[in-house]
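Q: Please find one structure pasted underneath; my questions will follow.
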Amino acid sequence: MAAADVEDFIGQNRLLSDFIETFRGVSESDKHWKSRREFLFRNISNYEEKPRVDHLLALSMVWANHVFLGCRYSPDLLEKVGEMAEGIVVEDAPVFKTRDELIKQQQQRR
């Protein structure tokens, strides 16, 4: 879904859109919310029952935390959320380096 497709989808699915808007975090920036909201829209049809929606919300936070904050999770979990987020374009996503990468970079300078 391109950004225009998401906006079109929201316009056609106002009740679902209003439901998903309730999941925005109080301190979540517009940039983070826009991307996480797209993640939720793309996957909500597979998680519509109450306990499953909670699972989807958790997965959306894992994805957003990994992309925007550099949090690390198990490879299996990252593969799952990566597949769920396939095609979502995040503008100006930060690039994170691991401690090992930073040490290696320092050693190469010497």
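Chain labels A, B, ... are given in the sequence in which chains occur in the structure tokens; within each chain residues are numbered consecutively from 1, and ligands are likewise numbered from 1 in the order shown.
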Need the shell around Val53 in chain A: protein/DNA/RNA residues with any atom at most 12 Å away, counting only C-alpha atoms. Skip same-chain ones fewer than 3 positions apart. Format as a list of chain:residue names?
A: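 Using only C-alpha atoms, the neighbours found are A:Phe19, A:Ile20, A:Phe23, A:Leu40, A:Phe41, A:Asn43, A:Ile44, A:Ser45, A:Asn46, A:Tyr47, A:Glu48, A:Glu49, A:Lys50, A:Leu56, A:Leu57, A:Ala58, A:Leu59, A:Ser60.
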Q: Nearest to Ala93 in chain A among A:His55, A:Lys31, A:Arg37, A:Arg72, with distances taken over only C-alpha atoms: which residue is it?
A: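 Closest residue, counting only C-alpha atoms: A:Lys31.
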Q: Compare A:Arg52, A:Arg42, A:Lys80, A:Lys104 by their minimum atom-to-atom distance to Leu16 in chain A, counting only C-alpha atoms, and give me the closest one.
A: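 Of A:Arg52, A:Arg42, A:Lys80, A:Lys104, the one nearest Leu16 in chain A is A:Arg42, counting only C-alpha atoms.
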Q: Skip Phe68 in chain A itself and residues of its chain fewer than 2 positions away, then list as a ChimeraX atom specification all residues within 8 Å of it, counting only C-alpha atoms.
A: /A:32,64-66,70,93-94
